[in-house]
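Asks: Structure: run_18.cif, mmCIF, C-alpha atoms and all ligand atoms.
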```cif
data_final
loop_
_atom_site.label_atom_id
_atom_site.label_comp_id
_atom_site.auth_asym_id
_atom_site.auth_seq_id
_atom_site.Cartn_x
_atom_site.Cartn_y
_atom_site.Cartn_z
CA MET I 228 -38.85 -128.51 3.21
CA THR I 229 -40.82 -126.09 5.35
CA LYS I 230 -44.50 -125.77 4.80
CA ALA I 231 -46.38 -122.51 4.99
CA ILE I 232 -48.37 -121.77 8.12
CA GLU I 233 -51.94 -120.63 7.75
CA ALA I 234 -52.78 -117.89 10.21
CA ASP I 235 -55.93 -118.50 12.23
CA PRO I 236 -58.42 -115.79 11.22
CA THR I 237 -60.19 -116.07 14.62
CA SER I 238 -56.91 -115.49 16.42
CA ALA I 239 -57.22 -112.17 18.27
CA ARG I 240 -56.36 -113.27 21.80
CA ALA I 241 -59.54 -115.30 22.09
CA ASP I 242 -59.70 -115.47 25.88
CA GLY I 243 -58.98 -111.77 26.31
CA ARG I 244 -55.83 -112.38 28.38
CA ARG I 245 -52.57 -110.74 27.47
CA GLY I 246 -49.03 -111.87 27.78
CA ALA I 247 -46.65 -110.07 30.12
CA SER I 248 -43.62 -108.04 29.13
CA VAL I 249 -40.25 -109.51 30.07
CA ARG I 250 -37.08 -107.56 30.75
CA VAL I 251 -33.66 -109.16 30.98
CA ASP I 252 -31.24 -106.52 32.19
CA GLY I 253 -27.48 -107.05 32.32
CA VAL I 254 -27.83 -110.70 33.34
CA ASP I 255 -24.74 -112.72 34.22
CA ILE I 256 -25.09 -116.38 35.21
CA ARG I 257 -22.31 -118.42 36.78
CA PHE I 258 -22.09 -121.99 38.02
CA GLY I 259 -19.31 -121.83 40.58
CA SER I 260 -16.28 -120.59 38.67
CA PHE I 261 -17.90 -121.29 35.29
CA HIS I 262 -19.21 -118.15 33.60
CA ALA I 263 -22.18 -119.36 31.54
CA VAL I 264 -23.76 -116.15 30.22
CA ARG I 265 -22.57 -112.57 30.34
CA ASP I 266 -24.33 -109.24 30.35
CA ILE I 267 -27.50 -110.28 28.54
CA SER I 268 -30.16 -107.63 28.04
CA LEU I 269 -33.41 -108.22 26.17
CA ASP I 270 -36.74 -106.44 26.23
CA ILE I 271 -39.57 -108.72 25.19
CA ALA I 272 -42.95 -107.10 24.59
CA ALA I 273 -46.20 -108.47 26.00
CA GLY I 274 -47.52 -111.07 23.56
CA GLU I 275 -44.28 -111.24 21.60
CA PHE I 276 -42.79 -114.52 20.32
CA LEU I 277 -39.02 -114.41 20.73
CA CYS I 278 -36.82 -117.26 19.52
CA LEU I 279 -33.39 -117.83 21.05
CA LEU I 280 -30.90 -119.40 18.65
CA GLY I 281 -27.28 -120.25 19.35
CA PRO I 282 -24.62 -122.94 19.22
CA SER I 283 -25.20 -125.97 21.37
CA GLY I 284 -24.01 -125.43 24.93
CA CYS I 285 -23.93 -121.64 24.67
CA GLY I 286 -26.43 -121.05 27.47
CA LYS I 287 -29.90 -120.88 25.92
CA SER I 288 -31.43 -123.29 28.46
CA THR I 289 -29.57 -121.54 31.25
CA LEU I 290 -31.10 -118.20 30.29
CA LEU I 291 -34.55 -119.81 30.00
CA SER I 292 -34.13 -121.47 33.42
CA ALA I 293 -33.27 -118.10 34.91
CA LEU I 294 -36.42 -116.63 33.34
CA ALA I 295 -38.40 -119.51 34.85
CA GLY I 296 -36.94 -118.74 38.28
CA PHE I 297 -35.01 -122.05 38.48
CA VAL I 298 -31.58 -120.38 38.32
CA ARG I 299 -30.64 -117.17 40.07
CA PRO I 300 -28.47 -114.72 38.12
CA TYR I 301 -25.11 -113.80 39.58
CA GLN I 302 -25.71 -110.25 38.43
CA GLY I 303 -28.44 -108.27 36.65
CA SER I 304 -32.20 -108.52 36.89
CA LEU I 305 -35.13 -110.36 35.32
CA THR I 306 -38.56 -108.81 35.53
CA VAL I 307 -42.01 -109.76 34.28
CA ASP I 308 -44.34 -106.79 33.90
CA GLY I 309 -41.93 -104.91 36.14
CA SER I 310 -41.95 -107.50 38.98
CA PRO I 311 -38.69 -109.31 39.71
CA VAL I 312 -38.52 -113.06 39.03
CA THR I 313 -37.66 -114.52 42.44
CA GLY I 314 -38.49 -118.21 41.86
CA PRO I 315 -40.83 -120.55 40.00
CA ASP I 316 -44.22 -118.96 39.39
CA PRO I 317 -47.38 -120.30 37.69
CA ASP I 318 -47.34 -117.14 35.55
CA LEU I 319 -44.14 -118.48 33.96
CA GLY I 320 -44.87 -121.83 32.28
CA MET I 321 -42.01 -124.04 31.14
CA VAL I 322 -42.30 -126.62 28.35
CA PHE I 323 -39.35 -129.02 28.13
CA GLN I 324 -37.99 -130.94 25.15
CA SER I 325 -38.96 -134.23 26.67
CA SER I 326 -42.50 -135.10 27.63
CA GLU I 327 -41.13 -137.32 30.42
CA ALA I 328 -42.22 -134.50 32.71
CA LEU I 329 -45.78 -135.88 32.39
CA PHE I 330 -47.09 -138.04 35.24
CA ASP I 331 -47.47 -141.52 33.74
CA TRP I 332 -49.81 -142.67 36.52
CA LEU I 333 -52.33 -139.89 35.86
CA THR I 334 -54.65 -139.70 32.88
CA VAL I 335 -54.10 -137.01 30.28
CA GLY I 336 -57.01 -135.04 31.73
CA GLN I 337 -55.61 -135.36 35.27
CA ASN I 338 -52.17 -134.28 34.05
CA VAL I 339 -53.61 -131.13 32.53
CA ALA I 340 -55.78 -130.45 35.59
CA PHE I 341 -52.80 -130.96 37.92
CA GLY I 342 -51.67 -127.32 38.11
CA PRO I 343 -55.17 -125.92 38.74
CA ARG I 344 -55.70 -128.67 41.37
CA MET I 345 -52.46 -127.70 43.14
CA ARG I 346 -53.61 -124.10 43.15
CA GLY I 347 -56.86 -125.06 44.90
CA ARG I 348 -59.23 -124.60 41.98
CA SER I 349 -62.57 -126.39 42.39
CA ARG I 350 -63.15 -129.74 40.70
CA ALA I 351 -65.46 -128.07 38.18
CA GLU I 352 -62.80 -125.48 37.35
CA GLN I 353 -60.09 -128.13 37.04
CA SER I 354 -62.19 -130.09 34.63
CA ALA I 355 -63.22 -127.02 32.63
CA LEU I 356 -59.58 -125.91 32.29
CA ALA I 357 -58.43 -129.40 31.29
CA ASP I 358 -61.21 -129.54 28.73
CA GLU I 359 -60.43 -126.08 27.36
CA TYR I 360 -56.70 -126.59 26.93
CA LEU I 361 -56.93 -130.17 25.71
CA GLY I 362 -59.37 -128.79 23.16
CA LEU I 363 -56.87 -126.13 22.18
CA VAL I 364 -54.21 -128.74 21.41
CA GLY I 365 -56.74 -131.03 19.69
CA LEU I 366 -56.67 -133.81 22.29
CA ARG I 367 -59.99 -133.54 24.07
CA HIS I 368 -60.79 -137.09 23.00
CA CYS I 369 -57.67 -138.38 24.81
CA ALA I 370 -58.55 -137.05 28.28
CA GLY I 371 -59.12 -140.56 29.69
CA ARG I 372 -55.95 -142.13 28.28
CA PHE I 373 -52.59 -142.41 29.99
CA PRO I 374 -49.47 -140.66 28.59
CA GLY I 375 -47.88 -144.04 27.77
CA GLN I 376 -50.72 -144.70 25.34
CA LEU I 377 -49.94 -141.62 23.24
CA SER I 378 -47.42 -140.85 20.49
CA GLY I 379 -44.47 -138.50 21.14
CA GLY I 380 -46.20 -135.61 19.38
CA MET I 381 -49.42 -136.17 21.35
CA ARG I 382 -47.50 -136.27 24.65
CA GLN I 383 -45.80 -133.03 23.75
CA ARG I 384 -49.22 -131.49 23.07
CA VAL I 385 -50.35 -132.69 26.51
CA GLN I 386 -47.30 -131.05 28.05
CA ILE I 387 -48.20 -127.77 26.33
CA ALA I 388 -51.84 -128.07 27.48
CA ARG I 389 -50.67 -128.78 31.03
CA VAL I 390 -48.58 -125.63 31.06
CA LEU I 391 -51.34 -123.53 29.48
CA ALA I 392 -53.92 -124.79 32.02
CA ASN I 393 -52.01 -122.75 34.61
CA GLN I 394 -52.89 -119.76 32.44
CA PRO I 395 -49.33 -118.41 32.43
CA ARG I 396 -48.62 -114.99 31.03
CA VAL I 397 -45.24 -116.10 29.70
CA VAL I 398 -44.52 -119.51 28.18
CA LEU I 399 -40.88 -120.62 28.12
CA MET I 400 -40.19 -123.44 25.66
CA ASP I 401 -36.90 -125.32 25.60
CA GLU I 402 -36.62 -127.01 22.21
CA PRO I 403 -40.13 -128.37 22.64
CA PHE I 404 -40.20 -130.09 19.25
CA GLY I 405 -36.55 -131.16 19.16
CA ALA I 406 -37.28 -134.82 19.89
CA LEU I 407 -40.07 -135.16 17.33
CA ASP I 408 -39.83 -136.55 13.80
CA ALA I 409 -39.81 -134.00 10.98
CA GLN I 410 -43.46 -134.42 10.03
CA THR I 411 -44.81 -134.18 13.58
CA ARG I 412 -42.53 -131.24 14.19
CA GLN I 413 -44.06 -129.42 11.23
CA VAL I 414 -47.57 -130.06 12.50
CA MET I 415 -46.56 -128.85 15.96
CA GLN I 416 -45.07 -125.67 14.50
CA GLU I 417 -48.38 -124.96 12.78
CA GLU I 418 -50.22 -125.70 16.03
CA MET I 419 -47.89 -123.41 17.94
CA THR I 420 -48.75 -120.40 15.81
CA ARG I 421 -52.45 -121.03 16.40
CA ILE I 422 -52.04 -121.68 20.15
CA ARG I 423 -49.96 -118.59 20.61
CA GLN I 424 -52.55 -116.48 18.81
CA ALA I 425 -55.39 -118.01 20.80
CA THR I 426 -53.81 -117.39 24.21
CA GLY I 427 -51.93 -114.12 23.63
CA CYS I 428 -49.08 -115.41 25.83
CA THR I 429 -45.59 -114.03 25.53
CA VAL I 430 -43.38 -116.88 24.29
CA VAL I 431 -39.62 -117.34 24.65
CA PHE I 432 -38.71 -120.34 22.51
CA VAL I 433 -35.30 -122.00 22.35
CA THR I 434 -34.49 -123.81 19.14
CA HIS I 435 -31.54 -125.05 17.09
CA ASP I 436 -33.55 -124.81 13.93
CA ILE I 437 -33.22 -121.61 11.89
CA ASP I 438 -36.29 -122.40 9.78
CA GLU I 439 -38.36 -123.03 12.90
CA ALA I 440 -37.32 -119.63 14.24
CA ILE I 441 -38.25 -117.93 10.96
CA LEU I 442 -41.65 -119.65 10.91
CA LEU I 443 -42.59 -118.83 14.48
CA ALA I 444 -40.84 -115.74 15.78
CA ASP I 445 -41.59 -112.05 15.87
CA ARG I 446 -37.88 -111.62 16.64
CA VAL I 447 -34.90 -113.95 16.72
CA ALA I 448 -32.08 -113.37 19.22
CA VAL I 449 -28.79 -115.09 18.32
CA MET I 450 -26.42 -115.96 21.15
CA THR I 451 -22.66 -116.14 20.88
CA ALA I 452 -20.73 -119.31 21.67
CA GLY I 453 -20.03 -119.81 25.37
CA PRO I 454 -18.54 -119.63 27.85
CA ALA I 455 -19.69 -116.17 28.90
CA ALA I 456 -22.18 -116.15 26.03
CA SER I 457 -23.93 -112.92 25.16
CA ILE I 458 -26.41 -111.73 22.55
CA LYS I 459 -24.75 -111.45 19.14
CA ALA I 460 -27.69 -109.96 17.22
CA VAL I 461 -31.47 -109.60 17.32
CA TYR I 462 -33.44 -109.78 14.07
CA PRO I 463 -37.08 -108.80 13.57
CA VAL I 464 -38.96 -111.33 11.43
CA ASP I 465 -40.99 -109.05 9.28
CA LEU I 466 -42.62 -111.61 7.03
CA PRO I 467 -46.27 -111.85 6.07
CA GLY I 468 -48.32 -114.95 6.94
CA PRO I 469 -48.67 -117.65 5.92
CA ARG I 470 -44.94 -118.00 6.40
CA ASP I 471 -42.62 -120.19 4.42
CA ALA I 472 -39.01 -120.24 5.61
CA SER I 473 -37.85 -121.28 2.15
CA ALA I 474 -39.66 -118.40 0.40
CA PRO I 475 -37.55 -115.75 -1.39
CA GLU I 476 -38.68 -113.05 1.12
CA ALA I 477 -37.13 -115.09 3.94
CA ALA I 478 -33.83 -115.65 2.11
CA GLU I 479 -31.98 -112.61 3.45
CA LEU I 480 -32.88 -113.31 7.07
CA ARG I 481 -32.07 -117.00 6.68
CA ARG I 482 -28.67 -116.14 5.22
CA ALA I 483 -27.92 -113.68 8.04
CA LEU I 484 -28.91 -116.21 10.71
CA ARG I 485 -26.86 -118.98 9.08
CA GLN I 486 -23.87 -116.70 8.88
CA ASP I 487 -24.14 -115.61 12.52
CA ILE I 488 -24.64 -119.14 13.80
CA GLY I 489 -21.90 -120.45 11.51
CA GLU I 490 -19.42 -117.93 12.89
CA GLU I 491 -20.28 -118.92 16.45
CA VAL I 492 -20.16 -122.68 15.85
CA ARG I 493 -16.76 -122.31 14.17
CA LYS I 494 -15.54 -120.12 17.02
CA ALA I 495 -16.68 -122.76 19.52
CA LEU I 496 -14.91 -125.47 17.53
CA ARG I 497 -11.71 -123.42 17.43
CA ASP I 498 -11.94 -122.82 21.20
CA GLN I 499 -12.16 -126.59 21.64
CA GLY I 500 -9.07 -127.09 19.50
CA LEU I 501 -11.15 -128.68 16.72
CA ASP I 502 -11.01 -127.90 13.02
CA PRO I 503 -13.57 -125.11 12.32
CA GLU I 504 -14.34 -126.69 8.95
CA LEU I 505 -16.12 -129.38 10.97
CA GLY I 506 -18.77 -126.74 11.51
CA THR I 507 -19.81 -126.89 7.88
CA ASP I 508 -21.07 -130.25 6.69
CA LEU I 509 -19.79 -132.33 9.58
CA GLY I 510 -21.53 -130.26 12.22
CA ALA I 511 -24.13 -132.92 12.79
CA GLU I 512 -21.45 -135.38 13.84
CA VAL I 513 -19.58 -133.21 16.27
CA GLY I 514 -19.62 -135.30 19.39
CA THR I 515 -19.91 -132.36 21.75
CA GLY I 516 -23.17 -131.42 20.07
CA LEU I 517 -21.72 -128.10 18.93
CA GLY I 518 -23.11 -128.74 15.49
CA THR I 519 -26.11 -131.03 16.05
CA LYS I 520 -29.03 -129.62 14.09
CA LEU I 521 -27.03 -126.49 13.35
CA GLY I 522 -24.59 -128.58 11.39
CA ALA I 523 -27.37 -129.44 8.98
CA ASP I 524 -28.56 -125.84 8.92
CA LEU I 525 -25.14 -124.47 8.15
CA GLY I 526 -24.93 -126.37 4.92
CA THR I 527 -21.87 -126.18 2.74
CA GLU I 528 -19.42 -123.42 1.96
CA GLU I 529 -21.17 -122.86 -1.41
CA ASP I 530 -24.43 -122.10 0.40
CA ARG I 531 -22.77 -119.37 2.40
N1 LIG I 601 -26.08 -126.69 36.71
C1 LIG I 601 -24.99 -126.47 36.01
N2 LIG I 601 -23.76 -126.53 36.57
C2 LIG I 601 -22.64 -126.30 35.86
N3 LIG I 601 -22.62 -125.95 34.55
C3 LIG I 601 -23.81 -125.87 33.93
C4 LIG I 601 -25.05 -126.12 34.61
N4 LIG I 601 -26.06 -125.95 33.73
C5 LIG I 601 -25.48 -125.62 32.55
N5 LIG I 601 -24.14 -125.57 32.68
C6 LIG I 601 -23.17 -125.25 31.63
O1 LIG I 601 -23.55 -123.99 31.09
C7 LIG I 601 -23.34 -123.98 29.67
C8 LIG I 601 -24.63 -123.66 28.97
O2 LIG I 601 -25.51 -124.79 29.06
P1 LIG I 601 -26.97 -124.76 28.44
O3 LIG I 601 -27.59 -126.08 28.70
O4 LIG I 601 -27.66 -123.56 28.93
O5 LIG I 601 -26.63 -124.57 26.89
P2 LIG I 601 -27.66 -124.66 25.66
O6 LIG I 601 -27.29 -123.54 24.75
O7 LIG I 601 -29.05 -124.71 26.13
O8 LIG I 601 -27.22 -126.06 25.07
P3 LIG I 601 -28.05 -127.05 24.07
O9 LIG I 601 -28.37 -126.24 22.87
O10 LIG I 601 -27.07 -128.12 23.78
O11 LIG I 601 -29.25 -127.52 24.82
C9 LIG I 601 -22.79 -125.35 29.31
O12 LIG I 601 -21.37 -125.24 29.25
C10 LIG I 601 -23.21 -126.23 30.47
O13 LIG I 601 -22.30 -127.28 30.66
#
```
How would this structure read if it were set down as C-alpha cells?
Replies:
Amino acid sequence: MTKAIEADPTSARADGRRGASVRVDGVDIRFGSFHAVRDISLDIAAGEFLCLLGPSGCGKSTLLSALAGFVRPYQGSLTVDGSPVTGPDPDLGMVFQSSEALFDWLTVGQNVAFGPRMRGRSRAEQSALADEYLGLVGLRHCAGRFPGQLSGGMRQRVQIARVLANQPRVVLMDEPFGALDAQTRQVMQEEMTRIRQATGCTVVFVTHDIDEAILLADRVAVMTAGPAASIKAVYPVDLPGPRDASAPEAAELRRALRQDIGEEVRKALRDQGLDPELGTDLGAEVGTGLGTKLGADLGTEEDR
C-alpha cells in the first residue's frame, strides 16, 4: 500500500540553484555486436523528475550510464544545458542501487566531504557541505560514524548526500531504493520528494516499481524490451500532491503503465522462448529477472 507524500511547503529551490536541461537525441548504444538501445530521444526540462520504467535488462542502466558519461553512445548525442556529455562530470551525480560505493574506512562525514575535497574545496567548505547535505537527508548526527555502523536505508541516504555535496545539476539514480525493505523504501520516497524540491536538481530515476514512478515523477518514460530497446511511451504525471499511487485519480495512469510494461515483459518472454503467461503472476520468479518486481506489479489477468 502506497502512502501519500506530503509536499514540503518551504520547497521552492531553497538554495537558489537550478537543475540543468538534458537532451537525449537519437542515441544508439552498442556493446560490440550487441545492440542495447536504439534511437532514443528525450528532452528533460531543467528541474524535471523523469522516471525510466521498463522490463529488466532492457537498457535503463545503460542509458543512465551514458548520461553519466560512463558509456559512449555509438550514435546520437547527449547534452546537458546544450553542452555535450563527454565523460564523468561532477555536474552529473550518480546514485547506485547499492550503497557499497561508500568508503567503509571513512566516516560518514568524510564520505560526504570526499567530492568537495577532491575538487580542492577548503576544509571549512568541505565540512560545511557535508553538514548541509547530511542535514538534508536527516543524518547530521551520524557524521562521526562509519558506514558499517548504519542501516541500509541510512547508508543509502549517505550515498545521496555524498552525490548532492558535489552540487550536481543533474542527479541520475539507478534503482536507488531497490535493495531496501518496503517500509524504508516508502520513507525514502517521501524524502526524495523533499530533497528534490530543496535542491531543484533535474532527476532521472530508474525504477521497476510503477507506484514509485507515479509517486515521484513529473513524467514517466517506458522503454520497450531489448535488445535494441527504444522509448515506447512517455506519460506526464499530472496528479496533485500529496500523491497516492493507489488513489482513484492515479488509476488510469497506473493501468496504462501496467499495460505497457506487461506487453513488453511478455514480448521479452516470447523472445526468450518462454511462455508469455509467466509474465503475469509468475513474473517475480522468472530467473532471468525479466519479471522481478514487475511481475508483482503486473498482477493477474483480471487486474488488466
Ligand atoms: N558492458 C556491457 N557489455 C555487454 N553487454 C552489456 C553491458 N552492459 C549492459 N549490457 C547488456 O545490455 C542490456 C541492457 O542492460 P541494462 O543493465 O542497461 O538493463 P536494465 O534495464 O538496467 O536492467 P535491470 O532492470 O535488470 O537493471 C542487457 O542485455 C545487458 O546484458
Asks: Fewer than 5 positions away in the same chain doesn't count, so skip those; otherwise give me all residues within 7 Å of range 297-310 of chain I, counting only C-alpha atoms, as number ranges by chain.
Replies: I: 247-257, 292, 315
Asks: Generate the output file for the selected residues, C-alpha atoms, as a PDB file, in the coordinates of the input.
Replies:
```pdb
ATOM      1  CA  ALA I 247     -46.650-110.070  30.120  1.00  0.00           C
ATOM      2  CA  SER I 248     -43.620-108.040  29.130  1.00  0.00           C
ATOM      3  CA  VAL I 249     -40.250-109.510  30.070  1.00  0.00           C
ATOM      4  CA  ARG I 250     -37.080-107.560  30.750  1.00  0.00           C
ATOM      5  CA  VAL I 251     -33.660-109.160  30.980  1.00  0.00           C
ATOM      6  CA  ASP I 252     -31.240-106.520  32.190  1.00  0.00           C
ATOM      7  CA  GLY I 253     -27.480-107.050  32.320  1.00  0.00           C
ATOM      8  CA  VAL I 254     -27.830-110.700  33.340  1.00  0.00           C
ATOM      9  CA  ASP I 255     -24.740-112.720  34.220  1.00  0.00           C
ATOM     10  CA  ILE I 256     -25.090-116.380  35.210  1.00  0.00           C
ATOM     11  CA  ARG I 257     -22.310-118.420  36.780  1.00  0.00           C
ATOM     12  CA  SER I 292     -34.130-121.470  33.420  1.00  0.00           C
ATOM     13  CA  PRO I 315     -40.830-120.550  40.000  1.00  0.00           C
TER      14      PRO I 315
END
```
Asks: Which of these residues is nearest to ligand LIG 601 (chain I), using all atoms listed in the file: I:Val447, I:Leu366, I:Ala483, I:Ala263?
Replies: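 Distance minimum relative to ligand LIG 601 (chain I) lands on I:Ala263.
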Asks: Mind checking which residues fall within 8 Å of Gly405 in chain I, counting all atoms listed in the file, ignoring those fewer than 5 positions away in the same chain, and posting them as a count of residues only?
Replies: 3
Asks: Do you know which residues are within 10 Å of ligand LIG 601 (chain I) using all atoms listed in the file? Can you write them as a PyMOL selection string?
Replies: chain I and resi 256-264+279-293+298+324+401-402+405+433-435+450-456+515-521
Asks: Given all atoms listed in the file as the basis, pick out the residue of I:Arg485, I:Arg389, I:Arg265, I:Arg423 nearest to Leu329 in chain I.
Replies: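 Closest candidate: I:Arg389.
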Asks: I need the residue nearest Arg481 in chain I from this list: I:Gly347, I:Gly468, I:Pro463, I:Pro374. Use only C-alpha atoms for the distance.
Replies: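 Checking each of I:Gly347, I:Gly468, I:Pro463, I:Pro374 against Arg481 in chain I, counting only C-alpha atoms, the winner is I:Pro463.
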Asks: Between I:Lys459, I:Arg446, I:Arg346, I:Arg367, which has the minimum distance to Gln394 in chain I (counting all atoms listed in the file)?
Replies: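 Between I:Lys459, I:Arg446, I:Arg346, I:Arg367, the residue approaching Gln394 in chain I most closely is I:Arg346.
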Asks: What is the distance, in Å and to one decimal place, between CA of Met419 in chain I and CA of Val335 in chain I?
Replies: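 Result for CA of Met419 in chain I versus CA of Val335 in chain I: 19.4 Å, one decimal.
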Asks: May I ask for the distance between CA of Arg493 in chain I and CA of Ile458 in chain I, given in Å to one decimal place?
Replies: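 Between CA of Arg493 in chain I and CA of Ile458 in chain I the gap works out to 16.6 Å.
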Asks: For CA of Phe341 in chain I and CA of Asn393 in chain I, quote the distance in Å rounded to one decimal.
Replies: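 Result for CA of Phe341 in chain I versus CA of Asn393 in chain I: 8.9 Å, one decimal.
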Asks: Counting only C-alpha atoms, which of I:Leu391, I:Cys428, I:Ala340, I:Arg350 gets nearest to Ala370 in chain I?
Replies: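 That would be I:Ala340, the residue with the smallest distance to Ala370 in chain I.
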Asks: Would you mind telling me which residue in I:Val339, I:Leu333, I:Leu501, I:Val414 lies nearest to Val390 in chain I when using only C-alpha atoms?
Replies: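 Result for the nearest residue to Val390 in chain I: I:Val339.
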Asks: Within 12 Å of Asp358 in chain I, counting all atoms listed in the file, which residues qualify if same-chain residues fewer than 2 places away don't, as a ChimeraX atom specification?
Replies: /I:335-340,351-356,360-371,385,388-389,391-392
Asks: Using all atoms listed in the file, which protein or nucleic acid residues come within 7 Å of Ala460 in chain I? Drop anything in the same chain fewer than 2 positions from it, and give the result as a list in words.
Replies: Ala448, Val449, Ile458 and Tyr462 of chain I
Asks: Could you give me the axis-aligned bounding box of range 326-336 of chain I, with 6 Å of padding per side, as centre plus edge lengths in Å to one decimal, as JSON?
Replies:
```
{"center_x": -49.1, "center_y": -138.6, "center_z": 32.1, "size_x": 27.9, "size_y": 20.2, "size_z": 20.9}
```
Asks: What residues have an atom no more than 6 Å from (-40.7, -112.3, 24.0) in the file's own frame, counting only C-alpha atoms, and can you write them as a PDB file with C-alpha atoms, in the frame of the given file?
Replies:
```
ATOM      1  CA  ILE I 271     -39.570-108.720  25.190  1.00  0.00           C
ATOM      2  CA  ALA I 272     -42.950-107.100  24.590  1.00  0.00           C
ATOM      3  CA  GLU I 275     -44.280-111.240  21.600  1.00  0.00           C
ATOM      4  CA  PHE I 276     -42.790-114.520  20.320  1.00  0.00           C
ATOM      5  CA  LEU I 277     -39.020-114.410  20.730  1.00  0.00           C
ATOM      6  CA  THR I 429     -45.590-114.030  25.530  1.00  0.00           C
ATOM      7  CA  VAL I 430     -43.380-116.880  24.290  1.00  0.00           C
ATOM      8  CA  VAL I 431     -39.620-117.340  24.650  1.00  0.00           C
TER       9      VAL I 431
END
```
Asks: Since the input lacks some atoms of range 282-298 of chain I, please model N, CA and C atoms and print them as a PDB file, keeping the file's coordinate frame.
Replies:
```pdb
ATOM      1  N   PRO I 282     -25.306-121.644  19.269  1.00  0.00           N
ATOM      2  CA  PRO I 282     -24.620-122.940  19.220  1.00  0.00           C
ATOM      3  C   PRO I 282     -24.962-123.780  20.440  1.00  0.00           C
ATOM      4  N   SER I 283     -24.906-125.072  20.270  1.00  0.00           N
ATOM      5  CA  SER I 283     -25.200-125.970  21.370  1.00  0.00           C
ATOM      6  C   SER I 283     -24.262-125.684  22.542  1.00  0.00           C
ATOM      7  N   GLY I 284     -24.825-125.637  23.730  1.00  0.00           N
ATOM      8  CA  GLY I 284     -24.010-125.430  24.930  1.00  0.00           C
ATOM      9  C   GLY I 284     -23.699-123.981  25.225  1.00  0.00           C
ATOM     10  N   CYS I 285     -24.295-123.045  24.451  1.00  0.00           N
ATOM     11  CA  CYS I 285     -23.930-121.640  24.670  1.00  0.00           C
ATOM     12  C   CYS I 285     -24.629-121.038  25.882  1.00  0.00           C
ATOM     13  N   GLY I 286     -25.769-121.600  26.278  1.00  0.00           N
ATOM     14  CA  GLY I 286     -26.430-121.050  27.470  1.00  0.00           C
ATOM     15  C   GLY I 286     -27.889-120.685  27.256  1.00  0.00           C
ATOM     16  N   LYS I 287     -28.498-121.198  26.187  1.00  0.00           N
ATOM     17  CA  LYS I 287     -29.900-120.880  25.920  1.00  0.00           C
ATOM     18  C   LYS I 287     -30.806-121.410  27.043  1.00  0.00           C
ATOM     19  N   SER I 288     -30.594-122.687  27.394  1.00  0.00           N
ATOM     20  CA  SER I 288     -31.430-123.290  28.460  1.00  0.00           C
ATOM     21  C   SER I 288     -31.168-122.610  29.787  1.00  0.00           C
ATOM     22  N   THR I 289     -29.926-122.207  29.993  1.00  0.00           N
ATOM     23  CA  THR I 289     -29.570-121.540  31.250  1.00  0.00           C
ATOM     24  C   THR I 289     -30.340-120.224  31.367  1.00  0.00           C
ATOM     25  N   LEU I 290     -30.375-119.475  30.279  1.00  0.00           N
ATOM     26  CA  LEU I 290     -31.100-118.200  30.290  1.00  0.00           C
ATOM     27  C   LEU I 290     -32.603-118.450  30.517  1.00  0.00           C
ATOM     28  N   LEU I 291     -33.133-119.476  29.847  1.00  0.00           N
ATOM     29  CA  LEU I 291     -34.550-119.810  30.000  1.00  0.00           C
ATOM     30  C   LEU I 291     -34.850-120.233  31.444  1.00  0.00           C
ATOM     31  N   SER I 292     -33.936-121.017  32.029  1.00  0.00           N
ATOM     32  CA  SER I 292     -34.130-121.470  33.420  1.00  0.00           C
ATOM     33  C   SER I 292     -34.110-120.283  34.376  1.00  0.00           C
ATOM     34  N   ALA I 293     -33.293-119.296  34.063  1.00  0.00           N
ATOM     35  CA  ALA I 293     -33.270-118.100  34.910  1.00  0.00           C
ATOM     36  C   ALA I 293     -34.602-117.357  34.779  1.00  0.00           C
ATOM     37  N   LEU I 294     -35.126-117.290  33.533  1.00  0.00           N
ATOM     38  CA  LEU I 294     -36.420-116.630  33.340  1.00  0.00           C
ATOM     39  C   LEU I 294     -37.525-117.373  34.086  1.00  0.00           C
ATOM     40  N   ALA I 295     -37.388-118.702  34.165  1.00  0.00           N
ATOM     41  CA  ALA I 295     -38.400-119.510  34.850  1.00  0.00           C
ATOM     42  C   ALA I 295     -38.241-119.457  36.361  1.00  0.00           C
ATOM     43  N   GLY I 296     -37.163-118.833  36.831  1.00  0.00           N
ATOM     44  CA  GLY I 296     -36.940-118.740  38.280  1.00  0.00           C
ATOM     45  C   GLY I 296     -36.245-119.952  38.855  1.00  0.00           C
ATOM     46  N   PHE I 297     -35.710-120.849  37.986  1.00  0.00           N
ATOM     47  CA  PHE I 297     -35.010-122.050  38.480  1.00  0.00           C
ATOM     48  C   PHE I 297     -33.553-121.737  38.816  1.00  0.00           C
ATOM     49  N   VAL I 298     -32.995-120.734  38.139  1.00  0.00           N
ATOM     50  CA  VAL I 298     -31.580-120.380  38.320  1.00  0.00           C
ATOM     51  C   VAL I 298     -31.510-118.894  38.663  1.00  0.00           C
TER      52      VAL I 298
END
```
